[in-house]
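Note: the block below is structure33.cif and it holds mmCIF, C-alpha atoms.
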```
data_entry
loop_
_atom_site.label_atom_id
_atom_site.label_comp_id
_atom_site.auth_asym_id
_atom_site.auth_seq_id
_atom_site.Cartn_x
_atom_site.Cartn_y
_atom_site.Cartn_z
CA MET L 132 22.18 7.59 2.78
CA SER L 133 22.32 4.44 4.94
CA THR L 134 20.66 1.18 3.91
CA PHE L 135 18.02 1.71 6.62
CA GLN L 136 17.23 5.25 5.43
CA LYS L 137 17.02 4.16 1.80
CA GLY L 138 14.54 1.43 2.75
CA TYR L 139 12.36 3.83 4.72
CA VAL L 140 12.29 6.34 1.84
CA VAL L 141 11.16 3.51 -0.47
CA ALA L 142 8.53 2.46 2.10
CA ALA L 143 7.23 6.06 2.26
CA ILE L 144 6.99 6.18 -1.55
CA LEU L 145 5.08 2.85 -1.50
CA ALA L 146 2.67 4.21 1.14
CA VAL L 147 2.05 7.39 -0.88
CA LEU L 148 1.51 5.36 -4.07
CA THR L 149 -1.01 3.12 -2.25
CA ILE L 150 -3.02 6.10 -0.97
CA VAL L 151 -2.85 7.86 -4.37
CA GLU L 152 -3.93 4.60 -6.05
CA TYR L 153 -6.98 4.37 -3.77
CA ILE L 154 -8.00 8.03 -4.22
CA PHE L 155 -7.41 7.79 -7.99
CA ALA L 156 -9.56 4.62 -8.26
CA ILE L 157 -12.52 6.04 -6.37
CA SER L 158 -12.46 9.39 -8.16
CA ILE L 159 -11.91 8.39 -11.82
CA ASN L 160 -15.00 7.23 -13.69
CA ASP L 161 -13.43 6.22 -17.01
CA ASP L 162 -12.75 2.45 -16.81
CA HIS L 163 -9.78 2.50 -19.19
CA VAL L 164 -8.06 5.45 -17.49
CA ARG L 165 -8.63 3.84 -14.07
CA PHE L 166 -7.21 0.49 -15.27
CA ALA L 167 -4.17 2.19 -16.85
CA GLY L 168 -3.48 4.24 -13.71
CA LEU L 169 -3.79 1.22 -11.42
CA ALA L 170 -1.56 -0.89 -13.70
CA ILE L 171 1.15 1.81 -13.77
CA ALA L 172 1.00 2.22 -9.96
CA GLY L 173 1.15 -1.57 -9.46
CA ILE L 174 4.14 -2.02 -11.77
CA ALA L 175 5.96 0.93 -10.13
CA LYS L 176 5.35 -0.50 -6.63
CA ALA L 177 6.43 -4.01 -7.66
CA ALA L 178 9.60 -2.61 -9.28
CA LEU L 179 10.47 -0.67 -6.10
CA ILE L 180 9.94 -3.74 -3.88
CA ALA L 181 11.92 -6.04 -6.20
CA THR L 182 14.79 -3.55 -6.47
CA TYR L 183 15.17 -2.24 -2.93
CA PHE L 184 13.59 -4.92 -0.69
CA MET L 185 14.17 -8.13 -2.68
CA HIS L 186 17.59 -6.98 -3.96
CA ILE L 187 17.04 -8.39 -7.46
CA ALA L 188 20.43 -7.07 -8.57
CA ARG L 189 22.14 -9.36 -6.01
CA ALA L 190 20.66 -12.43 -7.74
CA TRP L 191 23.38 -12.32 -10.41
CA GLN L 192 26.31 -11.43 -8.11
CA ARG L 193 28.71 -14.30 -7.35
CA ASN L 194 31.15 -12.55 -4.98
CA GLU L 195 28.95 -11.52 -2.07
CA ALA L 196 28.74 -14.04 0.76
CA HIS L 197 26.15 -14.02 3.53
CA MET B 224 32.85 -43.90 8.24
CA ALA B 225 32.22 -41.16 5.70
CA VAL B 226 33.65 -37.77 6.56
CA ALA B 227 32.02 -34.62 5.24
CA ALA B 228 34.28 -32.63 2.95
CA PRO B 229 35.22 -29.18 4.30
CA VAL B 230 33.30 -26.35 2.71
CA HIS B 231 35.62 -23.67 1.35
CA HIS B 232 34.69 -20.00 1.03
CA GLY B 233 34.39 -20.20 -2.77
CA GLN B 234 32.00 -23.16 -2.54
CA HIS B 235 29.91 -21.27 0.02
CA VAL B 236 29.60 -18.27 -2.29
CA ASP B 237 28.67 -20.49 -5.22
CA ARG B 238 26.05 -22.24 -3.12
CA LEU B 239 24.59 -18.85 -2.15
CA PHE B 240 24.53 -17.86 -5.80
CA LEU B 241 22.65 -21.05 -6.64
CA ASN B 242 20.29 -20.53 -3.67
CA ARG B 243 19.45 -17.03 -4.89
CA ILE B 244 18.93 -18.13 -8.48
CA GLY B 245 16.79 -21.05 -7.28
CA LEU B 246 14.66 -18.72 -5.17
CA TRP B 247 14.11 -16.37 -8.11
CA PHE B 248 13.10 -19.34 -10.30
CA PHE B 249 10.65 -20.30 -7.56
CA PHE B 250 9.25 -16.75 -7.60
CA PHE B 251 8.94 -16.98 -11.39
CA SER B 252 6.98 -20.24 -11.19
CA GLU B 253 4.74 -18.77 -8.48
CA SER B 254 4.19 -15.68 -10.63
CA ILE B 255 2.69 -17.91 -13.33
CA LEU B 256 0.13 -19.23 -10.83
CA PHE B 257 -0.77 -15.75 -9.57
CA GLY B 258 -0.79 -14.36 -13.14
CA LEU B 259 -3.31 -17.01 -14.17
CA LEU B 260 -5.52 -16.08 -11.23
CA LEU B 261 -5.30 -12.41 -12.27
CA SER B 262 -6.23 -13.32 -15.84
CA ALA B 263 -9.29 -15.23 -14.53
CA ARG B 264 -10.32 -12.13 -12.58
CA PHE B 265 -9.97 -9.86 -15.65
CA TYR B 266 -11.79 -12.37 -17.85
CA LEU B 267 -14.75 -11.90 -15.51
CA LEU B 268 -14.43 -8.10 -15.52
CA ARG B 269 -17.37 -7.61 -17.87
CA LEU B 270 -19.20 -10.86 -17.11
CA ASP B 271 -19.77 -10.53 -13.39
CA ILE B 272 -19.61 -7.43 -11.21
CA PRO B 273 -18.87 -7.28 -7.48
CA PHE B 274 -22.07 -5.36 -6.75
CA GLU B 275 -25.52 -6.22 -5.54
CA VAL B 276 -28.50 -4.36 -7.03
CA LYS B 277 -30.80 -3.28 -4.20
CA GLU B 278 -34.58 -2.98 -4.40
CA ASP B 279 -34.37 0.80 -4.93
CA GLY B 280 -32.02 0.23 -7.89
CA SER B 281 -28.87 1.41 -6.07
CA LEU B 282 -25.66 -0.63 -6.20
CA HIS B 283 -24.04 -2.05 -3.07
CA GLN B 284 -20.37 -3.12 -3.29
CA LEU B 285 -19.83 -6.68 -2.05
CA VAL B 286 -16.25 -6.16 -0.87
CA SER B 287 -15.23 -3.66 1.80
CA GLN B 288 -13.05 -0.88 0.32
CA GLN B 289 -11.97 0.32 3.76
CA LEU B 290 -10.97 -3.16 4.94
CA GLY B 291 -9.08 -3.76 1.68
CA LEU B 292 -7.08 -0.55 2.15
CA ILE B 293 -6.39 -1.28 5.84
CA ILE B 294 -5.06 -4.82 5.25
CA THR B 295 -2.98 -3.53 2.32
CA ILE B 296 -1.33 -0.94 4.59
CA ILE B 297 -0.75 -3.64 7.23
CA LEU B 298 1.00 -5.88 4.68
CA LEU B 299 3.07 -2.91 3.49
CA LEU B 300 4.08 -2.17 7.09
CA SER B 301 5.08 -5.82 7.55
CA SER B 302 7.38 -5.47 4.52
CA VAL B 303 9.06 -2.49 6.22
CA THR B 304 9.62 -4.46 9.46
CA ALA B 305 10.90 -7.46 7.43
CA PHE B 306 13.31 -5.18 5.54
CA THR B 307 14.50 -3.70 8.85
CA ALA B 308 15.05 -7.20 10.31
CA GLU B 309 17.15 -8.27 7.32
CA THR B 310 19.19 -5.05 7.29
CA ALA B 311 19.67 -5.29 11.08
CA ILE B 312 21.14 -8.82 10.90
CA GLU B 313 23.39 -7.69 8.03
CA HIS B 314 24.79 -5.11 10.48
CA ASP B 315 24.91 -7.58 13.44
CA ARG B 316 22.16 -5.70 15.30
CA ARG B 317 20.57 -8.87 16.64
CA THR B 318 18.16 -7.31 19.14
CA LEU B 319 16.64 -5.06 16.47
CA ALA B 320 16.43 -8.03 14.08
CA LYS B 321 14.59 -10.14 16.72
CA TRP B 322 12.01 -7.43 17.41
CA MET B 323 11.46 -6.63 13.75
CA LEU B 324 10.98 -10.31 12.83
CA PHE B 325 8.51 -10.61 15.69
CA ALA B 326 6.66 -7.48 14.48
CA THR B 327 6.53 -8.94 10.95
CA ILE B 328 4.97 -12.15 12.31
CA VAL B 329 2.35 -10.17 14.27
CA LEU B 330 1.50 -7.95 11.28
CA GLY B 331 1.23 -11.05 9.07
CA LEU B 332 -1.21 -12.60 11.55
CA VAL B 333 -3.25 -9.36 11.60
CA PHE B 334 -3.35 -9.40 7.77
CA ALA B 335 -4.50 -13.05 7.74
CA ALA B 336 -7.16 -12.22 10.35
CA GLY B 337 -8.30 -9.28 8.18
CA VAL B 338 -8.72 -11.60 5.19
CA GLY B 339 -10.63 -14.04 7.41
CA PHE B 340 -12.90 -11.21 8.56
CA GLU B 341 -13.47 -10.18 4.93
CA TRP B 342 -14.47 -13.76 4.10
CA HIS B 343 -16.90 -13.74 7.01
CA GLU B 344 -18.41 -10.42 5.94
CA ALA B 345 -18.47 -11.03 2.16
CA GLU B 346 -22.02 -11.28 0.81
CA PHE B 347 -21.49 -13.29 -2.35
CA GLU B 348 -24.12 -15.63 -3.74
CA LYS B 349 -22.94 -19.20 -4.17
CA ARG B 350 -23.21 -18.94 -7.98
CA SER B 351 -21.30 -15.65 -8.15
CA ALA B 352 -18.33 -15.98 -10.52
CA PHE B 353 -16.63 -12.95 -8.96
CA GLY B 354 -17.16 -14.50 -5.51
CA THR B 355 -15.45 -17.69 -6.69
CA VAL B 356 -12.45 -15.85 -8.09
CA PHE B 357 -12.32 -13.57 -5.02
CA PHE B 358 -12.18 -16.51 -2.61
CA THR B 359 -9.66 -18.36 -4.82
CA MET B 360 -7.30 -15.40 -5.18
CA THR B 361 -7.44 -14.27 -1.56
CA GLY B 362 -7.37 -17.89 -0.35
CA ILE B 363 -4.25 -18.88 -2.29
CA HIS B 364 -2.59 -15.61 -1.30
CA ALA B 365 -3.56 -16.15 2.37
CA ALA B 366 -2.08 -19.68 2.19
CA HIS B 367 1.21 -18.09 1.09
CA VAL B 368 0.95 -15.54 3.92
CA ILE B 369 0.43 -18.33 6.46
CA SER B 370 3.36 -20.36 5.11
CA GLY B 371 5.43 -17.14 5.22
CA ILE B 372 4.45 -16.65 8.87
CA GLY B 373 5.60 -20.23 9.53
CA MET B 374 8.99 -19.56 7.92
CA LEU B 375 9.35 -16.23 9.73
CA THR B 376 8.58 -17.96 13.03
CA LEU B 377 11.23 -20.62 12.29
CA SER B 378 13.82 -17.93 11.43
CA TRP B 379 12.87 -15.96 14.55
CA SER B 380 13.26 -19.01 16.81
CA MET B 381 16.68 -19.78 15.25
CA LEU B 382 17.70 -16.14 15.80
CA LEU B 383 16.58 -16.36 19.45
CA ARG B 384 18.76 -19.47 19.86
CA GLY B 385 21.84 -17.63 18.60
CA GLY B 386 21.66 -18.46 14.91
CA PHE B 387 22.60 -16.09 12.05
CA SER B 388 25.18 -13.32 11.88
CA SER B 389 26.23 -10.57 9.48
CA LYS B 390 28.33 -13.19 7.64
CA SER B 391 25.70 -15.96 7.52
CA HIS B 392 22.06 -14.94 7.28
CA TRP B 393 20.67 -16.60 4.15
CA GLY B 394 17.88 -18.16 6.25
CA ILE B 395 16.55 -14.72 7.18
CA SER B 396 17.25 -13.14 3.77
CA SER B 397 15.41 -15.87 1.85
CA THR B 398 12.43 -15.78 4.23
CA VAL B 399 12.23 -11.99 4.01
CA MET B 400 12.50 -12.14 0.20
CA TYR B 401 9.61 -14.62 0.17
CA TRP B 402 7.63 -12.23 2.39
CA HIS B 403 8.31 -9.34 -0.02
CA PHE B 404 7.20 -11.56 -2.91
CA VAL B 405 3.88 -12.17 -1.12
CA ASP B 406 3.63 -8.37 -0.80
CA VAL B 407 4.30 -7.90 -4.54
CA VAL B 408 1.49 -10.35 -5.34
CA TRP B 409 -0.90 -8.33 -3.16
CA VAL B 410 0.23 -5.12 -4.93
CA PHE B 411 -1.57 -6.53 -8.01
CA PHE B 412 -4.37 -8.46 -6.27
CA TYR B 413 -5.57 -5.49 -4.20
CA PRO B 414 -6.44 -3.17 -7.13
CA ALA B 415 -7.71 -6.10 -9.21
CA LEU B 416 -10.18 -7.20 -6.53
CA TYR B 417 -11.08 -3.93 -4.80
CA LEU B 418 -10.42 -0.98 -7.11
CA VAL B 419 -10.85 -1.92 -10.79
CA ASP B 420 -14.64 -2.18 -10.62
CA LYS B 421 -16.45 0.68 -8.90
CA VAL B 422 -19.98 1.90 -8.44
#
```
This structure in structure tokens:
Amino acid sequence: MSTFQKGYVVAAILAVLTIVEYIFAISINDDHVRFAGLAIAGIAKAALIATYFMHIARAWQRNEAH
Amino acid sequence: MAVAAPVHHGQHVDRLFLNRIGLWFFFFSESILFGLLLSARFYLLRLDIPFEVKEDGSLHQLVSQQLGLIITIILLLSSVTAFTAETAIEHDRRTLAKWMLFATIVLGLVFAAGVGFEWHEAEFEKRSAFGTVFFTMTGIHAAHVISGIGMLTLSWSMLLRGGFSSKSHWGISSTVMYWHFVDVVWVFFYPALYLVDKV
């Protein structure tokens, strides 16, 4: 899979998570369950962005010039 | 007259390493600021609610759920165009990089306008604690969005003038990383402000 394709797959997952997050929040009445679901979705989205868009793994690499 | 010392490849790589580490430390320090704002919002979770009680006893939400979702999708789209711009310059596809940076700037401006519209439409009372934290969180985030738009515009103008290549594109990479960081912050701000409390 090319770098472009990988990024677009991640973007699609982020879009789905955002829609699911919205539907989940407006349909769940229990405050604790809603908070837990939103926190898990938020952490998952942040991890995806940090890994695939912000390239966190590159932060510790010394041999890649650009 | 002083002569600048030549920069060797190894020094360049080390400088990039330091740039990256410095940028991540900057993100860490910014995360503390945004984390404190989130903690202020959750401290108010049971003290002040973002609803108005109408005369018939029904509750009216003071923030617009639809607008919140729309501007979130716009910011997410801008992250996709920013990612495409960075990947394009890594592959020397300059024309694609120019258009994608331009699209990111436009989407950022649309997001900022959406926040401005939300401020205009918001019906908070002046003494509302939630209103205060809402304006503070969205305001500081919007300030970061606007500074990001400024940096994207600078990178775009440098790209238009022939700057950057697949071998040297830290200016675009760092700006795009900053833009993604602003997106990550909104990933937590959006549910905290719009979705945690509901009627």
Resolved residues for the PyMOL selection byres ((chain B) within 8 of (chain L)) as a PyMOL selection string | chain B and resi 235-237+239-240+243-244+247+292+296+299+303+306-307+310+389-393+399-400+403-404+407+410-411+414+418-421
Å distance separating CA of Arg384 (chain B) from CA of Lys321 (chain B), one decimal place =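 Taking CA of Arg384 (chain B) as the start and CA of Lys321 (chain B) as the end point, the length is 10.7 Å.
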Record the distance separating CA of Met323 (chain B) and CA of Tyr413 (chain B), expressed in Å with one decimal.
->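 Separation of CA of Met323 (chain B) and CA of Tyr413 (chain B): 24.8 Å.
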Gap from CA of Leu416 (chain B) to CA of Val140 (chain L) - Å, one decimal =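 Distance reported for this atom pair: 27.5 Å.
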Can you list, as an MDAnalysis selection string, the residues that the PyMOL selection byres ((chain B and resi 308) around 10) selects here?
-> chainID B and resid 302:307 309:314 316:327 379 395:396 399
Hits of the PyMOL selection byres ((chain B and resi 368) around 10) in this structure, as a PyMOL selection string = chain B and resi 298+328+331-332+334-335+362-367+369-374+401-402+405-406
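Counting all atoms listed in the file, region 338-342 of chain B has the following residues at most 8 Å away, ignoring those fewer than 2 positions along the same chain: Val286, Ser287, Leu290, Ile294, Phe334, Ala335, Ala336, Glu344, Ala345, Phe358, Thr361 and Ala365 of chain B.
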Complete the atoms of region 152-173 of chain L to N, CA and C atoms and put them out as a PDB file, in the frame of the given file.
```pdb
ATOM      1  N   GLU L 152      -3.254   5.633  -5.268  1.00  0.00           N
ATOM      2  CA  GLU L 152      -3.930   4.600  -6.050  1.00  0.00           C
ATOM      3  C   GLU L 152      -5.407   4.488  -5.615  1.00  0.00           C
ATOM      4  N   TYR L 153      -5.623   4.483  -4.310  1.00  0.00           N
ATOM      5  CA  TYR L 153      -6.980   4.370  -3.770  1.00  0.00           C
ATOM      6  C   TYR L 153      -7.825   5.595  -4.142  1.00  0.00           C
ATOM      7  N   ILE L 154      -7.261   6.799  -3.922  1.00  0.00           N
ATOM      8  CA  ILE L 154      -8.000   8.030  -4.220  1.00  0.00           C
ATOM      9  C   ILE L 154      -8.278   8.119  -5.731  1.00  0.00           C
ATOM     10  N   PHE L 155      -7.273   7.785  -6.528  1.00  0.00           N
ATOM     11  CA  PHE L 155      -7.410   7.790  -7.990  1.00  0.00           C
ATOM     12  C   PHE L 155      -8.552   6.842  -8.415  1.00  0.00           C
ATOM     13  N   ALA L 156      -8.556   5.624  -7.847  1.00  0.00           N
ATOM     14  CA  ALA L 156      -9.560   4.620  -8.260  1.00  0.00           C
ATOM     15  C   ALA L 156     -10.972   5.045  -7.906  1.00  0.00           C
ATOM     16  N   ILE L 157     -11.150   5.680  -6.749  1.00  0.00           N
ATOM     17  CA  ILE L 157     -12.520   6.040  -6.370  1.00  0.00           C
ATOM     18  C   ILE L 157     -12.984   7.355  -7.000  1.00  0.00           C
ATOM     19  N   SER L 158     -12.045   8.107  -7.594  1.00  0.00           N
ATOM     20  CA  SER L 158     -12.460   9.390  -8.160  1.00  0.00           C
ATOM     21  C   SER L 158     -12.500   9.410  -9.689  1.00  0.00           C
ATOM     22  N   ILE L 159     -11.901   8.422 -10.342  1.00  0.00           N
ATOM     23  CA  ILE L 159     -11.910   8.390 -11.820  1.00  0.00           C
ATOM     24  C   ILE L 159     -13.050   7.493 -12.297  1.00  0.00           C
ATOM     25  N   ASN L 160     -13.849   8.003 -13.205  1.00  0.00           N
ATOM     26  CA  ASN L 160     -15.000   7.230 -13.690  1.00  0.00           C
ATOM     27  C   ASN L 160     -14.723   6.466 -14.975  1.00  0.00           C
ATOM     28  N   ASP L 161     -13.740   6.917 -15.751  1.00  0.00           N
ATOM     29  CA  ASP L 161     -13.430   6.220 -17.010  1.00  0.00           C
ATOM     30  C   ASP L 161     -12.701   4.901 -16.694  1.00  0.00           C
ATOM     31  N   ASP L 162     -13.300   3.781 -17.132  1.00  0.00           N
ATOM     32  CA  ASP L 162     -12.750   2.450 -16.810  1.00  0.00           C
ATOM     33  C   ASP L 162     -11.332   2.258 -17.343  1.00  0.00           C
ATOM     34  N   HIS L 163     -11.089   2.726 -18.578  1.00  0.00           N
ATOM     35  CA  HIS L 163      -9.780   2.500 -19.190  1.00  0.00           C
ATOM     36  C   HIS L 163      -8.689   3.319 -18.500  1.00  0.00           C
ATOM     37  N   VAL L 164      -9.033   4.580 -18.186  1.00  0.00           N
ATOM     38  CA  VAL L 164      -8.060   5.450 -17.490  1.00  0.00           C
ATOM     39  C   VAL L 164      -7.756   4.871 -16.112  1.00  0.00           C
ATOM     40  N   ARG L 165      -8.814   4.405 -15.415  1.00  0.00           N
ATOM     41  CA  ARG L 165      -8.630   3.840 -14.070  1.00  0.00           C
ATOM     42  C   ARG L 165      -7.737   2.591 -14.143  1.00  0.00           C
ATOM     43  N   PHE L 166      -8.017   1.716 -15.127  1.00  0.00           N
ATOM     44  CA  PHE L 166      -7.210   0.490 -15.270  1.00  0.00           C
ATOM     45  C   PHE L 166      -5.750   0.849 -15.562  1.00  0.00           C
ATOM     46  N   ALA L 167      -5.549   1.807 -16.491  1.00  0.00           N
ATOM     47  CA  ALA L 167      -4.170   2.190 -16.850  1.00  0.00           C
ATOM     48  C   ALA L 167      -3.433   2.766 -15.640  1.00  0.00           C
ATOM     49  N   GLY L 168      -4.103   3.639 -14.898  1.00  0.00           N
ATOM     50  CA  GLY L 168      -3.480   4.240 -13.710  1.00  0.00           C
ATOM     51  C   GLY L 168      -3.121   3.207 -12.668  1.00  0.00           C
ATOM     52  N   LEU L 169      -4.040   2.265 -12.422  1.00  0.00           N
ATOM     53  CA  LEU L 169      -3.790   1.220 -11.420  1.00  0.00           C
ATOM     54  C   LEU L 169      -2.655   0.295 -11.869  1.00  0.00           C
ATOM     55  N   ALA L 170      -2.618  -0.007 -13.182  1.00  0.00           N
ATOM     56  CA  ALA L 170      -1.560  -0.890 -13.700  1.00  0.00           C
ATOM     57  C   ALA L 170      -0.198  -0.217 -13.554  1.00  0.00           C
ATOM     58  N   ILE L 171      -0.131   1.083 -13.874  1.00  0.00           N
ATOM     59  CA  ILE L 171       1.150   1.810 -13.770  1.00  0.00           C
ATOM     60  C   ILE L 171       1.601   1.855 -12.300  1.00  0.00           C
ATOM     61  N   ALA L 172       0.651   2.162 -11.391  1.00  0.00           N
ATOM     62  CA  ALA L 172       1.000   2.220  -9.960  1.00  0.00           C
ATOM     63  C   ALA L 172       1.473   0.851  -9.472  1.00  0.00           C
ATOM     64  N   GLY L 173       0.776  -0.216  -9.893  1.00  0.00           N
ATOM     65  CA  GLY L 173       1.150  -1.570  -9.460  1.00  0.00           C
ATOM     66  C   GLY L 173       2.528  -1.962  -9.941  1.00  0.00           C
TER      67      GLY L 173
END
```
